[in-house]
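Worksheet for the structure shown next.
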Amino acid sequence: MSRVSVPCHVKGTVALQVGDVRTSQGRPGVLVIDVTFPSVAPFELQEIMFKNYYTAFLTIRVRQHTSTHTPAKWVTCLRDYCLMPDPHSEEGAQEYVSLFKHQMLCDMARVLELRLILRQPSPLWSSFTVEELQIYQQGPKSPSMTFPKWLSHPMPCEQPAPLLEGLPDPSRVSSEAQQMWALTEMIRASHTSTRIGRFDVDGCYDLNLLSYT
């Protein structure tokens with residue numbers, strides 16, 4: 001599946017208060033970054049990519065268009081996603097991050113606006129943000145999906161003759177693989193069957209396939 005970059009406008013960063021202590025702009029504990037798409041109709045968000053700059057936890061909210069009769073609503077599609085597994089060693093800082101729609105908690109269709117909430121474990125943390133933010137939507141389907149059916153499913157009379165004799169029948173491979181799996185599970189679960197194919201106490205092979213003295 002291809003992706004198409006979505007032109008967007010990143011608003012200025014807003015610092016929020018943490019608990020009852022209002023943090024300063026220089027060392028805030030929570031930052032909010034709003035992203036708008038002024039020249040794009042509601043779209044299906046495919047991927048969010050950015051460079052992490054010492055941000056520990058990320059929450060993503062989107063404003064979605066529901067219908068013409070109801071106002072657009074905000075929903076949380078990702079909550080407290082850890083960008084730095086070990087903040088003390090700064091692991092994960094200044095690394096590129098890609099978040100895809102299957103990682104989100106809600107449907108990413110009909111997106112109108114995006115909000116990134118960056119959070120640190122302490123308001124005394126150094127400056128942090130995200131950089132080089134890129135938004136992608138779902139592009140056109142792969143050309144292989146538009147091929148005529150006769151290219152991938154020829155008629156019986158059009159199918160080529162087998163190049164080699166003795167190859168397994170494709171229609172039987174699946175069923176025989178399932179039978180082998182079931183037999184393996186049965187032998188594994190049965191204690192009496194575990195001696196099949198092994199050497200016994202007297203030094204003779206159980207199935208008499210090999211003489212062992």
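Going by the structure tokens order, chains are called A, B, ..., each with residues numbered from 1, while ligands are numbered from 1 in the order shown.
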
Show which residues sit within 12 Å of A:Glu91, as a ChimeraX atom specification. Count only C-alpha atoms, and ignore same-chain residues fewer than 6 positions away.
-> /A:52-56,82-85

Store the residues picked out above in a file with N, CA, C and O atoms, as a PDB file, in the first residue's frame.
```
ATOM      1  N   ASN A  52      12.101  12.179  17.402  1.00  0.00           N
ATOM      2  CA  ASN A  52      11.900  12.386  18.829  1.00  0.00           C
ATOM      3  C   ASN A  52      13.060  13.194  19.409  1.00  0.00           C
ATOM      4  O   ASN A  52      14.227  12.888  19.183  1.00  0.00           O
ATOM      5  N   TYR A  53      12.729  14.233  20.169  1.00  0.00           N
ATOM      6  CA  TYR A  53      13.753  15.046  20.811  1.00  0.00           C
ATOM      7  C   TYR A  53      13.492  15.028  22.314  1.00  0.00           C
ATOM      8  O   TYR A  53      12.826  15.897  22.866  1.00  0.00           O
ATOM      9  N   TYR A  54      13.943  13.969  22.983  1.00  0.00           N
ATOM     10  CA  TYR A  54      13.887  13.811  24.434  1.00  0.00           C
ATOM     11  C   TYR A  54      12.468  13.803  24.989  1.00  0.00           C
ATOM     12  O   TYR A  54      12.246  14.201  26.132  1.00  0.00           O
ATOM     13  N   THR A  55      11.509  13.344  24.203  1.00  0.00           N
ATOM     14  CA  THR A  55      10.146  13.206  24.702  1.00  0.00           C
ATOM     15  C   THR A  55       9.950  11.792  25.233  1.00  0.00           C
ATOM     16  O   THR A  55      10.279  10.828  24.554  1.00  0.00           O
ATOM     17  N   ALA A  56       9.416  11.678  26.453  1.00  0.00           N
ATOM     18  CA  ALA A  56       9.271  10.361  27.078  1.00  0.00           C
ATOM     19  C   ALA A  56       7.968   9.682  26.680  1.00  0.00           C
ATOM     20  O   ALA A  56       7.966   8.534  26.278  1.00  0.00           O
ATOM     21  N   CYS A  82       5.244   5.145  24.949  1.00  0.00           N
ATOM     22  CA  CYS A  82       6.601   5.362  25.446  1.00  0.00           C
ATOM     23  C   CYS A  82       7.560   5.534  24.272  1.00  0.00           C
ATOM     24  O   CYS A  82       7.754   4.618  23.472  1.00  0.00           O
ATOM     25  N   LEU A  83       8.181   6.709  24.187  1.00  0.00           N
ATOM     26  CA  LEU A  83       9.168   6.977  23.144  1.00  0.00           C
ATOM     27  C   LEU A  83      10.589   6.762  23.630  1.00  0.00           C
ATOM     28  O   LEU A  83      11.499   6.586  22.823  1.00  0.00           O
ATOM     29  N   MET A  84      10.794   6.797  24.950  1.00  0.00           N
ATOM     30  CA  MET A  84      12.125   6.596  25.530  1.00  0.00           C
ATOM     31  C   MET A  84      12.036   5.492  26.567  1.00  0.00           C
ATOM     32  O   MET A  84      11.607   5.727  27.701  1.00  0.00           O
ATOM     33  N   PRO A  85      12.428   4.258  26.216  1.00  0.00           N
ATOM     34  CA  PRO A  85      12.329   3.155  27.176  1.00  0.00           C
ATOM     35  C   PRO A  85      13.104   3.401  28.463  1.00  0.00           C
ATOM     36  O   PRO A  85      12.694   2.956  29.526  1.00  0.00           O
TER      37      PRO A  85
END
```

Quick one: distance from atom CA of A:Gln64 to atom CA of A:Leu114 in Å, one decimal?
-> 9.1 Å

A:Tyr81: which residues within 10 Å, counting only C-alpha atoms, same-chain residues fewer than 2 positions away excluded, as a list in words?
->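 Close residues of A:Tyr81: Ala56, Phe57, Leu58, Thr59, Ile60, Leu78, Arg79, Leu83, Met84, Leu118 and Arg119 of chain A.
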
Please, could you write that set of residues out with N, CA and C atoms as a PDB file, in the first residue's frame?
```pdb
ATOM      1  N   ALA A  56       9.416  11.678  26.453  1.00  0.00           N
ATOM      2  CA  ALA A  56       9.271  10.361  27.078  1.00  0.00           C
ATOM      3  C   ALA A  56       7.968   9.682  26.680  1.00  0.00           C
ATOM      4  N   PHE A  57       6.832  10.396  26.792  1.00  0.00           N
ATOM      5  CA  PHE A  57       5.534   9.783  26.535  1.00  0.00           C
ATOM      6  C   PHE A  57       4.739  10.654  25.569  1.00  0.00           C
ATOM      7  N   LEU A  58       3.993   9.981  24.689  1.00  0.00           N
ATOM      8  CA  LEU A  58       3.232  10.681  23.657  1.00  0.00           C
ATOM      9  C   LEU A  58       1.792  10.206  23.673  1.00  0.00           C
ATOM     10  N   THR A  59       0.866  11.175  23.649  1.00  0.00           N
ATOM     11  CA  THR A  59      -0.558  10.909  23.474  1.00  0.00           C
ATOM     12  C   THR A  59      -1.027  11.621  22.210  1.00  0.00           C
ATOM     13  N   ILE A  60      -1.813  10.928  21.392  1.00  0.00           N
ATOM     14  CA  ILE A  60      -2.292  11.495  20.136  1.00  0.00           C
ATOM     15  C   ILE A  60      -3.812  11.548  20.167  1.00  0.00           C
ATOM     16  N   LEU A  78      -4.191   7.282  20.792  1.00  0.00           N
ATOM     17  CA  LEU A  78      -2.968   6.712  21.344  1.00  0.00           C
ATOM     18  C   LEU A  78      -2.709   7.396  22.678  1.00  0.00           C
ATOM     19  N   ARG A  79      -2.476   6.610  23.721  1.00  0.00           N
ATOM     20  CA  ARG A  79      -2.358   7.183  25.062  1.00  0.00           C
ATOM     21  C   ARG A  79      -1.036   6.775  25.699  1.00  0.00           C
ATOM     22  N   LEU A  83       8.181   6.709  24.187  1.00  0.00           N
ATOM     23  CA  LEU A  83       9.168   6.977  23.144  1.00  0.00           C
ATOM     24  C   LEU A  83      10.589   6.762  23.630  1.00  0.00           C
ATOM     25  N   MET A  84      10.794   6.797  24.950  1.00  0.00           N
ATOM     26  CA  MET A  84      12.125   6.596  25.530  1.00  0.00           C
ATOM     27  C   MET A  84      12.036   5.492  26.567  1.00  0.00           C
ATOM     28  N   LEU A 118       2.818  15.829  24.486  1.00  0.00           N
ATOM     29  CA  LEU A 118       4.117  15.307  24.905  1.00  0.00           C
ATOM     30  C   LEU A 118       4.239  15.443  26.414  1.00  0.00           C
ATOM     31  N   ARG A 119       4.707  14.386  27.070  1.00  0.00           N
ATOM     32  CA  ARG A 119       4.769  14.397  28.537  1.00  0.00           C
ATOM     33  C   ARG A 119       6.100  13.837  29.012  1.00  0.00           C
TER      34      ARG A 119
END
```

Considering only C-alpha atoms, tabulate each residue of stretch 7-108 of chain A that lies at most 12 Å from stretch 129-134 of chain A along with its nearest interatomic pair and the corresponding distance in Å to one decimal; arrange the rows by chain and ascending residue number and present them as CSV.
```
residue,atom,partner,partner_atom,distance
A:Pro7,CA,A:Gln134,CA,8.5
A:Cys8,CA,A:Gln134,CA,8.3
A:His9,CA,A:Leu133,CA,10.0
A:Val10,CA,A:Leu133,CA,8.4
A:Lys11,CA,A:Leu133,CA,11.7
A:Gly12,CA,A:Thr129,CA,11.3
A:Thr13,CA,A:Thr129,CA,8.6
A:Val14,CA,A:Thr129,CA,10.9
A:Ala15,CA,A:Thr129,CA,10.9
A:Gly26,CA,A:Thr129,CA,11.9
A:Arg27,CA,A:Thr129,CA,11.4
A:Pro28,CA,A:Thr129,CA,10.6
A:Gly29,CA,A:Thr129,CA,11.0
A:Val30,CA,A:Thr129,CA,9.8
A:Leu31,CA,A:Thr129,CA,7.6
A:Val32,CA,A:Thr129,CA,9.3
A:Ile33,CA,A:Thr129,CA,8.9
A:Asp34,CA,A:Leu133,CA,11.4
A:Val35,CA,A:Leu133,CA,9.5
A:Phe37,CA,A:Gln134,CA,11.9
A:Leu45,CA,A:Gln134,CA,11.2
A:Gln46,CA,A:Gln134,CA,11.0
A:Glu47,CA,A:Gln134,CA,8.3
A:Ile48,CA,A:Gln134,CA,6.0
A:Met49,CA,A:Gln134,CA,5.1
A:Phe50,CA,A:Leu133,CA,4.4
A:Lys51,CA,A:Glu131,CA,4.9
A:Asn52,CA,A:Val130,CA,4.9
A:Tyr53,CA,A:Thr129,CA,5.3
A:Tyr54,CA,A:Thr129,CA,6.8
A:Thr55,CA,A:Thr129,CA,6.0
A:Ala56,CA,A:Thr129,CA,9.7
A:Phe57,CA,A:Thr129,CA,10.7
A:Leu58,CA,A:Val130,CA,9.9
A:Leu83,CA,A:Val130,CA,10.7
A:Ala93,CA,A:Val130,CA,10.1
A:Gln94,CA,A:Val130,CA,8.9
A:Glu95,CA,A:Val130,CA,10.0
A:Tyr96,CA,A:Glu131,CA,9.1
A:Val97,CA,A:Val130,CA,9.7
A:Ser98,CA,A:Gln134,CA,9.5
A:Leu99,CA,A:Gln134,CA,10.7
```

Straight-line distance linking atom CA of A:His102 with atom CA of A:Gln138, stated in Å to one decimal |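 Straight-line distance from atom CA of A:His102 to atom CA of A:Gln138 works out to 12.6 Å.
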
Which residue out of A:Ile117, A:Ala182, A:Leu16, A:Val75 has the minimum interatomic distance to A:Leu105 when only C-alpha atoms are used?
->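 Closest to A:Leu105 of all the choices is A:Val75.
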
Sel. of strand (DSSP E) residues, stretch 52-144 of chain A, as JSON, numbers by chain = {"A": [52, 53, 57, 58, 59, 60, 61, 62, 63, 64, 73, 74, 75, 76, 77, 78, 79, 80, 81, 82, 96, 97, 98, 99, 100, 111, 112, 113, 114, 115, 116, 117, 118, 119, 129, 130, 131, 132, 133, 134, 135, 136, 137, 138]}

Grab the atom CA of A:Val111 to atom CA of A:Pro140 distance for me, in Å with one decimal place.
->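 Separation between atom CA of A:Val111 and atom CA of A:Pro140: 17.8 Å.
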
Compare A:Thr66, A:Glu176, A:Phe100, A:Gln137 by their minimum atom-to-atom distance to A:Ser2, counting only C-alpha atoms, and give me the closest one.
->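 Comparing A:Thr66, A:Glu176, A:Phe100, A:Gln137 against A:Ser2, the winner is A:Gln137.
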
Identify which of the residues A:Glu113, A:Glu90, A:Asp107, A:Glu44 lies closest to A:Arg61, counting only C-alpha atoms when measuring atom-to-atom distances.
->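 With only C-alpha atoms as the atom set, the closest residue is A:Glu113.
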
Smallest atom-to-atom distance to A:Val62: which of A:Phe128, A:Arg115, A:Pro42, A:Asp86, using only C-alpha atoms?
->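 Using only C-alpha atoms, A:Val62 sits closest to A:Arg115.
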